>>> print(open('entry.tsv').read())   # TSV, C-alpha atoms and all ligand atoms
chain	number	residue	atom	x	y	z
A	224	MET	CA	0.00	0.00	0.00
A	225	THR	CA	1.08	3.54	-0.66
A	226	TRP	CA	-0.20	6.40	1.45
A	227	ASP	CA	0.18	10.09	0.66
A	228	ILE	CA	0.37	12.45	3.63
A	229	PHE	CA	0.18	16.19	3.02
A	230	CYS	CA	1.60	18.61	5.56
A	231	ASN	CA	1.24	22.36	5.34
A	232	VAL	CA	3.37	23.92	8.08
A	233	ILE	CA	1.44	26.81	9.60
A	234	ASP	CA	3.86	27.62	12.38
A	235	ASN	CA	6.15	25.98	14.92
A	236	PHE	CA	6.72	22.22	14.77
A	237	GLY	CA	3.39	20.58	15.56
A	238	ASP	CA	2.11	20.14	12.00
A	239	ILE	CA	5.30	18.53	10.78
A	240	GLY	CA	5.88	16.85	14.15
A	241	VAL	CA	2.64	14.86	13.93
A	242	SER	CA	2.91	14.20	10.16
A	243	TRP	CA	6.49	12.96	10.43
A	244	ARG	CA	5.83	10.77	13.46
A	245	LEU	CA	2.79	9.18	11.81
A	246	SER	CA	4.65	8.65	8.50
A	247	ARG	CA	7.55	6.98	10.24
A	248	GLN	CA	5.34	4.68	12.25
A	249	LEU	CA	3.19	3.62	9.29
A	250	CYS	CA	6.34	2.76	7.42
A	251	GLU	CA	8.38	1.14	10.20
A	252	GLU	CA	5.65	-0.82	11.97
A	253	PHE	CA	3.11	-1.50	9.25
A	254	GLY	CA	5.29	-1.69	6.14
A	255	ILE	CA	3.29	0.98	4.33
A	256	GLU	CA	5.00	3.00	1.60
A	257	VAL	CA	4.52	6.56	2.74
A	258	ARG	CA	5.01	9.65	0.64
A	259	LEU	CA	5.13	12.70	2.89
A	260	TRP	CA	4.57	16.02	1.11
A	261	VAL	CA	5.94	18.95	3.15
A	262	ASP	CA	5.72	22.59	2.10
A	263	ASP	CA	8.41	23.75	4.55
A	264	LEU	CA	11.54	21.63	4.53
A	265	ASP	CA	13.27	23.92	7.03
A	266	SER	CA	10.79	22.92	9.74
A	267	PHE	CA	11.21	19.28	8.80
A	268	LEU	CA	14.99	19.58	9.07
A	269	ARG	CA	14.71	21.00	12.59
A	270	ILE	CA	13.06	17.83	13.86
A	271	HIS	CA	14.97	15.54	11.46
A	272	PRO	CA	18.39	17.16	10.94
A	273	GLN	CA	19.70	14.12	9.04
A	274	GLY	CA	17.45	15.13	6.11
A	275	LYS	CA	18.43	17.34	3.19
A	276	ARG	CA	17.06	20.35	1.39
A	277	VAL	CA	16.13	18.40	-1.79
A	278	ALA	CA	12.96	17.73	-3.76
A	279	VAL	CA	12.82	13.98	-3.10
A	280	GLN	CA	14.59	11.98	-0.39
A	281	HIS	CA	14.13	8.85	1.67
A	282	CYS	CA	14.29	9.27	5.43
A	283	CYS	CA	13.69	6.32	7.80
A	284	GLY	CA	11.99	4.56	4.87
A	285	VAL	CA	9.60	7.45	4.22
A	286	GLU	CA	9.69	9.20	0.85
A	287	VAL	CA	9.82	12.87	1.77
A	288	ARG	CA	8.83	15.26	-1.02
A	289	ALA	CA	9.16	19.02	-1.09
A	290	TRP	CA	5.60	20.15	-1.80
A	291	GLY	CA	5.68	23.11	-4.15
A	292	GLU	CA	4.40	24.43	-7.45
A	293	PRO	CA	3.92	23.05	-10.07
A	294	PHE	CA	2.68	19.87	-8.42
A	295	PRO	CA	4.07	16.75	-10.16
A	296	GLU	CA	1.82	14.37	-12.07
A	297	VAL	CA	1.82	11.43	-9.71
A	298	ALA	CA	-0.86	8.84	-9.15
A	299	PRO	CA	-2.45	8.98	-5.68
A	300	GLY	CA	-1.76	6.16	-3.24
A	301	GLU	CA	-4.54	4.01	-1.78
A	302	VAL	CA	-4.94	6.42	1.15
A	303	VAL	CA	-4.52	10.19	1.06
A	304	ILE	CA	-4.26	12.09	4.33
A	305	GLU	CA	-4.41	15.85	4.55
A	306	ALA	CA	-2.99	16.79	7.92
A	307	PHE	CA	-5.05	19.38	9.79
A	308	GLY	CA	-7.28	20.25	6.86
A	309	CYS	CA	-4.54	21.52	4.57
A	310	LEU	CA	-5.55	22.12	0.96
A	311	ILE	CA	-4.37	19.38	-1.39
A	312	PRO	CA	-3.43	20.62	-4.89
A	313	GLU	CA	-6.45	20.63	-7.22
A	314	SER	CA	-4.69	18.64	-9.91
A	315	PHE	CA	-4.07	15.88	-7.37
A	316	VAL	CA	-7.67	15.93	-6.11
A	317	ALA	CA	-8.83	15.56	-9.73
A	318	ARG	CA	-6.67	12.45	-10.01
A	319	MET	CA	-8.08	11.22	-6.71
A	320	ALA	CA	-11.61	11.54	-8.10
A	321	GLN	CA	-10.62	8.95	-10.70
A	322	ALA	CA	-8.43	6.65	-8.60
A	323	LYS	CA	-10.84	6.74	-5.60
A	324	PRO	CA	-8.38	6.43	-2.69
A	325	LEU	CA	-9.58	6.73	0.90
A	326	TRP	CA	-9.43	10.47	1.58
A	327	ILE	CA	-8.85	11.47	5.20
A	328	ASN	CA	-8.60	14.83	6.88
A	329	LEU	CA	-6.57	14.16	10.03
A	330	GLU	CA	-7.82	16.71	12.54
A	331	TYR	CA	-6.26	18.39	15.58
A	332	LEU	CA	-6.34	16.56	18.89
A	333	SER	CA	-9.05	17.55	21.32
A	334	ALA	CA	-10.62	16.02	24.42
A	335	GLU	CA	-13.89	17.82	23.79
A	336	GLU	CA	-17.04	15.73	23.76
A	337	TRP	CA	-18.16	16.80	20.26
A	338	VAL	CA	-15.17	14.96	18.76
A	339	ARG	CA	-16.98	11.68	19.33
A	340	SER	CA	-19.80	12.51	16.96
A	341	ALA	CA	-17.58	14.31	14.44
A	342	HIS	CA	-15.12	11.43	14.14
A	343	LEU	CA	-15.49	9.66	10.76
A	344	MET	CA	-18.02	12.17	9.47
A	345	GLN	CA	-18.02	12.47	5.70
A	346	SER	CA	-18.00	15.43	3.39
A	347	PRO	CA	-18.56	14.95	-0.34
A	348	HIS	CA	-16.44	17.08	-2.67
A	349	PRO	CA	-18.61	19.93	-4.02
A	350	ARG	CA	-17.95	19.00	-7.67
A	351	LEU	CA	-16.06	15.76	-7.96
A	352	PRO	CA	-17.22	12.22	-7.15
A	353	ILE	CA	-15.10	11.69	-4.04
A	354	VAL	CA	-15.76	11.89	-0.31
A	355	LYS	CA	-13.53	13.19	2.47
A	356	HIS	CA	-13.57	11.57	5.94
A	357	PHE	CA	-12.82	13.50	9.11
A	358	PHE	CA	-10.56	11.55	11.41
A	359	PHE	CA	-10.19	12.83	14.97
A	360	PRO	CA	-7.41	11.68	17.26
A	361	GLY	CA	-8.59	11.63	20.84
A	362	PHE	CA	-8.92	10.15	24.28
A	363	PHE	CA	-12.29	8.44	23.92
A	364	PRO	CA	-12.57	4.84	22.71
A	365	ASP	CA	-14.83	6.06	19.88
A	366	SER	CA	-12.23	8.57	18.61
A	367	GLY	CA	-9.14	7.84	16.53
A	368	GLY	CA	-6.81	7.40	19.55
A	369	LEU	CA	-3.32	8.80	20.02
A	370	LEU	CA	-0.03	8.41	18.22
A	371	ILE	CA	2.05	5.83	20.06
A	372	GLU	CA	4.77	3.56	18.75
A	373	ARG	CA	4.37	-0.16	19.42
A	374	ASP	CA	7.16	-0.56	21.99
A	375	LEU	CA	7.26	2.95	23.36
A	376	LEU	CA	6.34	2.19	26.96
A	377	LYS	CA	8.74	-0.75	27.05
A	378	SER	CA	11.59	1.46	25.74
A	379	ARG	CA	10.67	4.11	28.29
A	380	ASP	CA	10.79	1.64	31.17
A	381	ALA	CA	14.12	0.21	29.99
A	382	PHE	CA	15.58	3.71	29.70
A	383	ILE	CA	14.41	4.69	33.17
A	384	ALA	CA	15.80	1.44	34.62
A	385	ASP	CA	19.17	1.50	32.84
A	386	GLY	CA	19.89	4.44	30.63
A	387	SER	CA	18.78	7.62	32.33
A	388	ALA	CA	21.95	8.01	34.46
A	389	GLN	CA	24.12	8.05	31.33
A	390	TYR	CA	21.74	10.40	29.59
A	391	ARG	CA	21.76	12.75	32.57
A	392	GLU	CA	25.58	12.81	32.47
A	393	ARG	CA	25.45	13.61	28.74
A	394	MET	CA	23.13	16.51	29.49
A	395	GLY	CA	25.72	18.00	31.84
A	396	GLY	CA	24.99	16.06	35.05
A	397	GLY	CA	23.85	17.60	38.32
A	398	PHE	CA	20.41	15.98	38.27
A	399	GLU	CA	20.82	14.08	41.55
A	400	GLY	CA	19.19	15.57	44.61
A	401	ARG	CA	17.43	18.22	42.58
A	402	LEU	CA	14.01	18.44	41.03
A	403	CYS	CA	14.61	18.24	37.26
A	404	VAL	CA	12.20	20.06	35.04
A	405	SER	CA	12.08	20.22	31.25
A	406	LEU	CA	10.52	23.39	29.93
A	407	PHE	CA	9.21	23.51	26.35
A	408	GLY	CA	6.71	26.24	25.68
A	409	TYR	CA	5.77	29.43	23.87
A	410	GLY	CA	6.70	32.79	25.37
A	411	ASN	CA	4.78	33.02	28.65
A	412	ASP	CA	3.92	36.00	30.87
A	413	ALA	CA	3.87	33.73	33.92
A	414	LEU	CA	7.48	32.65	33.42
A	415	GLU	CA	9.16	35.42	35.39
A	416	CYS	CA	7.07	34.80	38.49
A	417	LEU	CA	7.51	31.03	38.20
A	418	LEU	CA	11.30	31.30	37.95
A	419	GLN	CA	11.30	33.64	40.92
A	420	THR	CA	9.21	31.15	42.92
A	421	TRP	CA	11.61	28.35	42.01
A	422	ALA	CA	14.66	30.43	42.93
A	423	GLU	CA	13.19	31.24	46.35
A	424	GLY	CA	11.70	27.79	46.98
A	425	GLU	CA	13.01	25.17	49.39
A	426	GLU	CA	13.72	22.61	46.72
A	427	GLU	CA	16.75	22.83	44.44
A	428	ILE	CA	15.63	22.88	40.83
A	429	LEU	CA	17.47	22.16	37.59
A	430	CYS	CA	15.47	23.48	34.65
A	431	LEU	CA	16.40	22.28	31.15
A	432	ILE	CA	15.08	24.45	28.35
A	433	PRO	CA	15.41	23.53	24.66
A	434	GLU	CA	16.61	26.46	22.53
A	435	GLY	CA	13.81	28.67	21.31
A	436	LYS	CA	11.60	31.55	22.33
A	437	ILE	CA	10.98	30.53	25.92
A	438	ALA	CA	14.70	29.80	26.40
A	439	ASP	CA	15.47	33.35	25.26
A	440	GLN	CA	12.83	34.69	27.62
A	441	ALA	CA	14.25	32.68	30.53
A	442	LYS	CA	17.79	33.90	29.75
A	443	SER	CA	16.61	37.47	29.83
A	444	ILE	CA	15.06	36.91	33.29
A	445	VAL	CA	17.84	34.86	34.89
A	446	ALA	CA	21.09	34.23	33.08
A	447	GLY	CA	22.24	30.82	34.33
A	448	GLY	CA	20.33	30.82	37.56
A	449	MET	CA	19.60	32.37	40.91
A	450	GLY	CA	18.95	31.10	44.42
A	451	ASN	CA	17.90	27.47	44.31
A	452	LEU	CA	17.39	27.48	40.57
A	453	GLU	CA	19.77	26.51	37.77
A	454	ILE	CA	18.67	27.23	34.20
A	455	ARG	CA	20.36	25.15	31.52
A	456	ILE	CA	19.65	25.85	27.85
A	457	ILE	CA	19.97	22.66	25.80
A	458	PRO	CA	20.02	22.08	22.05
A	459	PHE	CA	16.80	21.36	20.15
A	460	VAL	CA	17.22	17.65	19.40
A	461	PRO	CA	15.96	15.32	16.64
A	462	GLN	CA	12.39	14.29	17.33
A	463	GLU	CA	13.12	10.72	18.43
A	464	GLN	CA	15.50	12.01	21.13
A	465	TYR	CA	13.00	14.38	22.68
A	466	ASP	CA	11.35	11.49	24.55
A	467	LEU	CA	14.58	10.84	26.45
A	468	LEU	CA	14.47	14.31	27.93
A	469	LEU	CA	10.88	13.77	29.09
A	470	TRP	CA	11.76	10.38	30.56
A	471	ALA	CA	14.83	11.73	32.39
A	472	CYS	CA	13.07	14.67	34.05
A	473	ASP	CA	10.72	14.72	37.03
A	474	ILE	CA	8.24	17.24	35.68
A	475	ASN	CA	7.72	18.23	32.05
A	476	PHE	CA	6.33	21.44	30.60
A	477	VAL	CA	5.02	20.84	27.08
A	478	ARG	CA	2.95	22.67	24.48
A	479	GLY	CA	0.94	22.36	21.25
A	480	GLU	CA	-0.03	18.84	20.32
A	481	ASP	CA	2.77	16.35	19.79
A	482	SER	CA	4.90	17.18	22.85
A	483	PHE	CA	1.67	17.23	24.89
A	484	VAL	CA	1.03	13.62	23.89
A	485	ARG	CA	4.64	12.58	24.45
A	486	ALA	CA	4.52	13.94	28.01
A	487	GLN	CA	1.55	11.67	28.67
A	488	TRP	CA	3.50	8.63	27.48
A	489	ALA	CA	6.36	9.66	29.78
A	490	GLY	CA	3.93	9.03	32.65
A	491	LYS	CA	5.41	11.87	34.74
A	492	PRO	CA	3.68	14.94	36.15
A	493	PHE	CA	3.37	17.44	33.32
A	494	VAL	CA	1.95	20.84	32.47
A	495	TRP	CA	0.47	21.81	29.13
A	496	GLN	CA	0.78	25.22	27.54
A	497	ILE	CA	-1.99	25.04	25.00
A	498	TYR	CA	-1.68	26.68	21.57
A	499	PRO	CA	-3.48	30.02	22.02
A	500	GLN	CA	-6.52	30.66	19.85
A	501	GLU	CA	-8.66	33.74	19.27
A	502	GLU	CA	-11.08	34.85	21.97
A	503	GLY	CA	-9.61	32.40	24.44
A	504	ILE	CA	-11.46	29.40	23.04
A	505	HIS	CA	-8.38	27.26	23.69
A	506	MET	CA	-9.29	27.37	27.41
A	507	GLN	CA	-12.36	25.21	26.69
A	508	LYS	CA	-10.08	22.68	25.08
A	509	LEU	CA	-7.74	22.83	28.05
A	510	ASP	CA	-10.62	22.27	30.48
A	511	ALA	CA	-12.01	19.39	28.43
A	512	PHE	CA	-8.69	17.62	28.82
A	513	LEU	CA	-8.43	18.48	32.51
A	514	ASP	CA	-11.92	17.05	33.09
A	515	LEU	CA	-10.79	13.70	31.74
A	516	TYR	CA	-7.29	13.69	33.20
A	517	CYS	CA	-8.41	14.72	36.68
A	518	GLU	CA	-11.63	12.71	36.74
A	519	ASP	CA	-10.42	10.11	39.22
A	520	PHE	CA	-7.47	12.05	40.67
A	521	PRO	CA	-8.00	13.31	44.23
A	522	HIS	CA	-5.83	16.44	43.82
A	523	GLY	CA	-7.39	17.52	40.55
A	524	ASP	CA	-7.95	21.06	41.84
A	525	ALA	CA	-4.22	21.62	42.32
A	526	VAL	CA	-3.50	20.42	38.78
A	527	ARG	CA	-6.28	22.52	37.33
A	528	LYS	CA	-5.11	25.63	39.19
A	529	PHE	CA	-1.50	25.32	38.11
A	530	TRP	CA	-2.32	24.53	34.49
A	531	HIS	CA	-4.67	27.52	34.38
A	532	ALA	CA	-2.04	29.81	35.87
A	533	TRP	CA	0.54	28.61	33.32
A	534	ASN	CA	-1.97	29.48	30.60
A	535	GLY	CA	-2.48	33.01	31.88
A	536	ASP	CA	-5.38	32.49	34.27
A	537	GLY	CA	-4.37	32.87	37.92
A	538	GLU	CA	-1.43	33.47	40.21
A	539	ILE	CA	1.36	31.00	39.54
A	540	GLY	CA	3.50	31.05	42.70
A	541	GLY	CA	0.96	29.57	45.11
A	542	ALA	CA	-0.41	27.31	42.37
A	543	TRP	CA	3.08	25.84	41.87
A	544	ARG	CA	3.49	25.07	45.58
A	545	GLU	CA	0.16	23.20	45.63
A	546	PHE	CA	1.01	21.35	42.44
A	547	LEU	CA	4.37	20.30	43.86
A	548	ARG	CA	2.72	18.89	46.98
A	549	CYS	CA	0.78	16.34	44.93
A	550	ARG	CA	3.76	15.44	42.74
A	551	GLU	CA	4.12	11.88	43.96
A	552	SER	CA	0.50	10.87	43.55
A	553	LEU	CA	0.46	12.67	40.21
A	554	GLY	CA	3.34	10.43	39.14
A	555	SER	CA	1.40	7.23	39.82
A	556	HIS	CA	-1.68	8.77	38.23
A	557	GLY	CA	0.35	9.59	35.11
A	558	GLU	CA	1.60	6.00	34.93
A	559	SER	CA	-1.88	4.51	34.93
A	560	TRP	CA	-3.18	7.23	32.60
A	561	ALA	CA	-0.49	6.33	30.04
A	562	LYS	CA	-1.18	2.62	30.37
A	563	ARG	CA	-4.91	3.12	29.98
A	564	LEU	CA	-4.57	5.16	26.77
A	565	SER	CA	-1.75	3.19	25.22
A	566	ASN	CA	-3.89	0.46	23.67
A	567	HIS	CA	-5.72	2.87	21.38
A	568	GLY	CA	-3.10	3.89	18.81
A	569	LEU	CA	-3.89	6.37	16.06
A	570	ALA	CA	-1.84	4.61	13.37
A	571	SER	CA	-3.64	1.30	13.90
A	572	SER	CA	-7.05	3.03	13.96
A	573	LEU	CA	-6.20	4.62	10.63
A	574	LEU	CA	-5.14	1.28	9.25
A	575	ASP	CA	-8.29	-0.47	10.51
A	576	PHE	CA	-10.40	2.23	8.94
A	577	SER	CA	-8.57	1.92	5.62
A	578	CYS	CA	-9.10	-1.87	5.64
A	579	ARG	CA	-12.83	-1.42	6.28
A	580	PHE	CA	-12.96	1.13	3.47
A	581	GLY	CA	-11.04	-0.83	0.90
A	601	LIG	O1	5.60	23.37	17.99
A	601	LIG	P1	4.25	23.29	18.55
A	601	LIG	O2	3.76	24.46	19.26
A	601	LIG	O3	3.27	22.94	17.42
A	601	LIG	C1	1.96	23.25	17.10
A	601	LIG	C2	1.86	24.27	16.02
A	601	LIG	O4	1.97	25.54	16.59
A	601	LIG	C3	0.59	24.09	15.31
A	601	LIG	O5	0.35	25.06	14.33
A	601	LIG	C4	-0.53	24.07	16.29
A	601	LIG	O6	-1.68	23.92	15.63
A	601	LIG	C5	-0.28	22.92	17.22
A	601	LIG	O7	0.93	23.14	17.92
A	601	LIG	C6	-1.39	22.70	18.19
A	601	LIG	O8	4.17	22.05	19.57
A	601	LIG	P2	4.18	20.47	19.38
A	601	LIG	O9	2.90	20.02	18.74
A	601	LIG	O10	4.49	19.92	20.66
A	601	LIG	O11	5.36	20.17	18.37
A	601	LIG	C7	6.70	20.23	18.71
A	601	LIG	C8	7.47	19.16	17.99
A	601	LIG	O12	8.86	19.39	18.12
A	601	LIG	C9	7.21	17.77	18.55
A	601	LIG	O13	7.09	16.83	17.49
A	601	LIG	C10	8.46	17.46	19.35
A	601	LIG	C11	9.49	18.20	18.55
A	601	LIG	N1	10.73	18.53	19.27
A	601	LIG	C12	11.94	18.06	18.78
A	601	LIG	O14	11.97	17.35	17.75
A	601	LIG	N2	13.10	18.38	19.44
A	601	LIG	C13	13.10	19.14	20.56
A	601	LIG	O15	14.19	19.41	21.13
A	601	LIG	C14	11.85	19.61	21.07
A	601	LIG	C15	11.82	20.45	22.31
A	601	LIG	C16	10.69	19.30	20.40
>>> encode(input="entry.tsv", output="structure tokens")
Amino acid sequence: MTWDIFCNVIDNFGDIGVSWRLSRQLCEEFGIEVRLWVDDLDSFLRIHPQGKRVAVQHCCGVEVRAWGEPFPEVAPGEVVIEAFGCLIPESFVARMAQAKPLWINLEYLSAEEWVRSAHLMQSPHPRLPIVKHFFFPGFFPDSGGLLIERDLLKSRDAFIADGSAQYRERMGGGFEGRLCVSLFGYGNDALECLLQTWAEGEEEILCLIPEGKIADQAKSIVAGGMGNLEIRIIPFVPQEQYDLLLWACDINFVRGEDSFVRAQWAGKPFVWQIYPQEEGIHMQKLDAFLDLYCEDFPHGDAVRKFWHAWNGDGEIGGAWREFLRCRESLGSHGESWAKRLSNHGLASSLLDFSCRFG
């Protein structure tokens, strides 16, 4: 089988992050020939630096194509996925109308209830005889599930048992006896107060920040560190190495979509900076997730308060102290949360759906 996946990079790394991860998994675990069309190779090269700036290349078995104009005359594969509703070239859609592949719009991840009824909804093309299917990743059994590689949790456990000490050394050491935090996020008005709280807190904290906007912001607030806080700026790593950072730290700050999911697989306490949308509607999405995640967790209020404060709603200092108090139970909660969700993988749901279709 050949699958075409189209990725239009809007901003940051989430669009390409999800498209690349899915492409790799379909190819490596299911033997599917994937052609990934990307309109911004620079973003792709940030998360896969081994790649090149060329029109066609093979990376980890995936055929990666620079998507530009004019669009080449290629026959569509058996499945065509447009990631996040991007617009597939018209000439290609016309060819799809003849070849009749399964056409999927892979949507953004949301824990909102409406996803359940929208998942697998169809939309006929206004002119051509072909139908698009909306495919929603999600947390409910009747959604598309989440991206997770087959042996991810096993690799995580092996790393934590054997490999994390070496990794910590490679990252500059000094993890022992301190609370280690990874901080990946957008610029954040709450950062200054949070760093201040950490510096003045009782616990020693090592905060690892991948290069980027929030690293620059942190540097401008505290160069290197102050009080009980050490700030360490680390390189932005290839995508498959990012998990190691999450596994090696005690608490992870994540953002967007893909890192948000990876933090859940890490099974550690984490905090999500959601991608901001107009008129604050992202807060509904944040709350929908919190409702699920905190449903059977006794300290849900502390989690909710801290996550809200990190997303601009509330005072962060006190919220951090409450969050930290429930850290241990949040760790075991995260473990069972990851286990519970791990048997509903997005790639296999897509494959099941394509088998039913074809
Ligand atoms: O980068 P993000 O904020 O992405 C997005 C986009 O903004 C998108 O338009 C928006 O719609 C979406 O969020 C909700 O965050 P995300 O999704 O976590 O993607 C980051 C990717 O970068 C992820 O695949 C992990 C990867 N990464 C690395 O490869 N190396 C690194 O060092 C780090 C920190 C991340």
>>> closest_atom_pairs(input="entry.tsv", of="chain A", to="ligand LIG 601 (chain A)", cutoff="9 Å", atoms="all atoms listed in the file", output="JSON lines")
{"residue": "A:Val232", "atom": "CA", "partner": "A:LIG601", "partner_atom": "O5", "distance": 7.0}
{"residue": "A:Ile233", "atom": "CA", "partner": "A:LIG601", "partner_atom": "O5", "distance": 5.2}
{"residue": "A:Asp234", "atom": "CA", "partner": "A:LIG601", "partner_atom": "O5", "distance": 4.8}
{"residue": "A:Asn235", "atom": "CA", "partner": "A:LIG601", "partner_atom": "O1", "distance": 4.1}
{"residue": "A:Phe236", "atom": "CA", "partner": "A:LIG601", "partner_atom": "O1", "distance": 3.6}
{"residue": "A:Gly237", "atom": "CA", "partner": "A:LIG601", "partner_atom": "O3", "distance": 3.0}
{"residue": "A:Asp238", "atom": "CA", "partner": "A:LIG601", "partner_atom": "C3", "distance": 5.4}
{"residue": "A:Ile239", "atom": "CA", "partner": "A:LIG601", "partner_atom": "O13", "distance": 7.1}
{"residue": "A:Gly240", "atom": "CA", "partner": "A:LIG601", "partner_atom": "O13", "distance": 3.6}
{"residue": "A:Val241", "atom": "CA", "partner": "A:LIG601", "partner_atom": "O13", "distance": 6.0}
{"residue": "A:Ser242", "atom": "CA", "partner": "A:LIG601", "partner_atom": "O13", "distance": 8.8}
{"residue": "A:Trp243", "atom": "CA", "partner": "A:LIG601", "partner_atom": "O13", "distance": 8.1}
{"residue": "A:Arg244", "atom": "CA", "partner": "A:LIG601", "partner_atom": "O13", "distance": 7.4}
{"residue": "A:Arg269", "atom": "CA", "partner": "A:LIG601", "partner_atom": "O14", "distance": 6.9}
{"residue": "A:Ile270", "atom": "CA", "partner": "A:LIG601", "partner_atom": "O14", "distance": 4.1}
{"residue": "A:His271", "atom": "CA", "partner": "A:LIG601", "partner_atom": "O14", "distance": 7.2}
{"residue": "A:Phe307", "atom": "CA", "partner": "A:LIG601", "partner_atom": "O6", "distance": 8.1}
{"residue": "A:Tyr331", "atom": "CA", "partner": "A:LIG601", "partner_atom": "C6", "distance": 7.0}
{"residue": "A:Leu332", "atom": "CA", "partner": "A:LIG601", "partner_atom": "C6", "distance": 7.9}
{"residue": "A:Ser405", "atom": "CA", "partner": "A:LIG601", "partner_atom": "C15", "distance": 8.9}
{"residue": "A:Leu406", "atom": "CA", "partner": "A:LIG601", "partner_atom": "C15", "distance": 8.3}
{"residue": "A:Phe407", "atom": "CA", "partner": "A:LIG601", "partner_atom": "C15", "distance": 5.7}
{"residue": "A:Gly408", "atom": "CA", "partner": "A:LIG601", "partner_atom": "O2", "distance": 7.3}
{"residue": "A:Tyr409", "atom": "CA", "partner": "A:LIG601", "partner_atom": "O2", "distance": 7.1}
{"residue": "A:Ile432", "atom": "CA", "partner": "A:LIG601", "partner_atom": "C15", "distance": 7.9}
{"residue": "A:Pro433", "atom": "CA", "partner": "A:LIG601", "partner_atom": "C15", "distance": 5.3}
{"residue": "A:Glu434", "atom": "CA", "partner": "A:LIG601", "partner_atom": "O15", "distance": 7.6}
{"residue": "A:Gly435", "atom": "CA", "partner": "A:LIG601", "partner_atom": "C15", "distance": 8.5}
{"residue": "A:Ile457", "atom": "CA", "partner": "A:LIG601", "partner_atom": "O15", "distance": 8.1}
{"residue": "A:Pro458", "atom": "CA", "partner": "A:LIG601", "partner_atom": "O15", "distance": 6.5}
{"residue": "A:Phe459", "atom": "CA", "partner": "A:LIG601", "partner_atom": "O15", "distance": 3.4}
{"residue": "A:Val460", "atom": "CA", "partner": "A:LIG601", "partner_atom": "O15", "distance": 3.9}
{"residue": "A:Pro461", "atom": "CA", "partner": "A:LIG601", "partner_atom": "O14", "distance": 4.6}
{"residue": "A:Gln462", "atom": "CA", "partner": "A:LIG601", "partner_atom": "O14", "distance": 3.1}
{"residue": "A:Glu463", "atom": "CA", "partner": "A:LIG601", "partner_atom": "O14", "distance": 6.8}
{"residue": "A:Gln464", "atom": "CA", "partner": "A:LIG601", "partner_atom": "N2", "distance": 7.0}
{"residue": "A:Tyr465", "atom": "CA", "partner": "A:LIG601", "partner_atom": "N2", "distance": 5.1}
{"residue": "A:Asp466", "atom": "CA", "partner": "A:LIG601", "partner_atom": "C10", "distance": 8.4}
{"residue": "A:Leu468", "atom": "CA", "partner": "A:LIG601", "partner_atom": "O15", "distance": 8.5}
{"residue": "A:Val477", "atom": "CA", "partner": "A:LIG601", "partner_atom": "O10", "distance": 6.5}
{"residue": "A:Arg478", "atom": "CA", "partner": "A:LIG601", "partner_atom": "O10", "distance": 5.0}
{"residue": "A:Gly479", "atom": "CA", "partner": "A:LIG601", "partner_atom": "O7", "distance": 3.4}
{"residue": "A:Glu480", "atom": "CA", "partner": "A:LIG601", "partner_atom": "O9", "distance": 3.5}
{"residue": "A:Asp481", "atom": "CA", "partner": "A:LIG601", "partner_atom": "O9", "distance": 3.8}
{"residue": "A:Ser482", "atom": "CA", "partner": "A:LIG601", "partner_atom": "O10", "distance": 3.5}
{"residue": "A:Phe483", "atom": "CA", "partner": "A:LIG601", "partner_atom": "O10", "distance": 5.8}
{"residue": "A:Val484", "atom": "CA", "partner": "A:LIG601", "partner_atom": "O10", "distance": 7.9}
{"residue": "A:Arg485", "atom": "CA", "partner": "A:LIG601", "partner_atom": "C10", "distance": 8.0}
{"residue": "A:Gln496", "atom": "CA", "partner": "A:LIG601", "partner_atom": "O2", "distance": 8.8}
{"residue": "A:Ile497", "atom": "CA", "partner": "A:LIG601", "partner_atom": "C6", "distance": 7.2}
{"residue": "A:Tyr498", "atom": "CA", "partner": "A:LIG601", "partner_atom": "C6", "distance": 5.2}
{"residue": "A:Pro499", "atom": "CA", "partner": "A:LIG601", "partner_atom": "C6", "distance": 8.5}
>>> closest_residue(input="entry.tsv", among="A:Cys472, A:Ser552, A:Gly540, A:Glu545", to="Gln419 in chain A", atoms="only C-alpha atoms")
A:Gly540
>>> closest_residue(input="entry.tsv", among="A:Cys230, A:Leu515, A:Ala471, A:Cys578", to="Tyr390 in chain A", atoms="all atoms listed in the file")
A:Ala471
>>> closest_residue(input="entry.tsv", among="A:Trp470, A:Val303, A:Lys275, A:Phe363", to="Ala384 in chain A", atoms="only C-alpha atoms")
A:Trp470
>>> closest_residue(input="entry.tsv", among="A:Ala489, A:Ile371, A:Leu249, A:Ile474", to="Phe546 in chain A", atoms="all atoms listed in the file")
A:Ile474
>>> closest_residue(input="entry.tsv", among="A:Gly557, A:His356, A:Asn231, A:Gly541", to="Leu310 in chain A", atoms="all atoms listed in the file")
A:Asn231
>>> closest_residue(input="entry.tsv", among="A:Asp365, A:Asp263, A:Glu292, A:Glu372", to="Ser565 in chain A", atoms="all atoms listed in the file")
A:Glu372
>>> atom_distance(input="entry.tsv", atom1="CA of Phe358 in chain A", atom2="CA of Glu286 in chain A")
23.0 Å
>>> residues_around(input="entry.tsv", residues="Ala486 in chain A", least_positions_apart="4", cutoff="8 Å", atoms="only C-alpha atoms", output="number ranges by chain")
A: 469, 475, 477, 482, 490-491, 493
>>> residues_around(input="entry.tsv", residues="Ser559 in chain A", least_positions_apart="2", cutoff="12 Å", atoms="only C-alpha atoms", output="number ranges by chain")
A: 376, 487-492, 516, 519-520, 552-557, 561-565
>>> residues_near_point(input="entry.tsv", point="(19.1, 33.8, 42.0)", cutoff="12 Å", atoms="only C-alpha atoms", output="PyMOL selection string")
chain A and resi 418-424+427-428+444-454
>>> atom_distance(input="entry.tsv", atom1="CA of Gln248 in chain A", atom2="CA of Leu431 in chain A")
28.1 Å
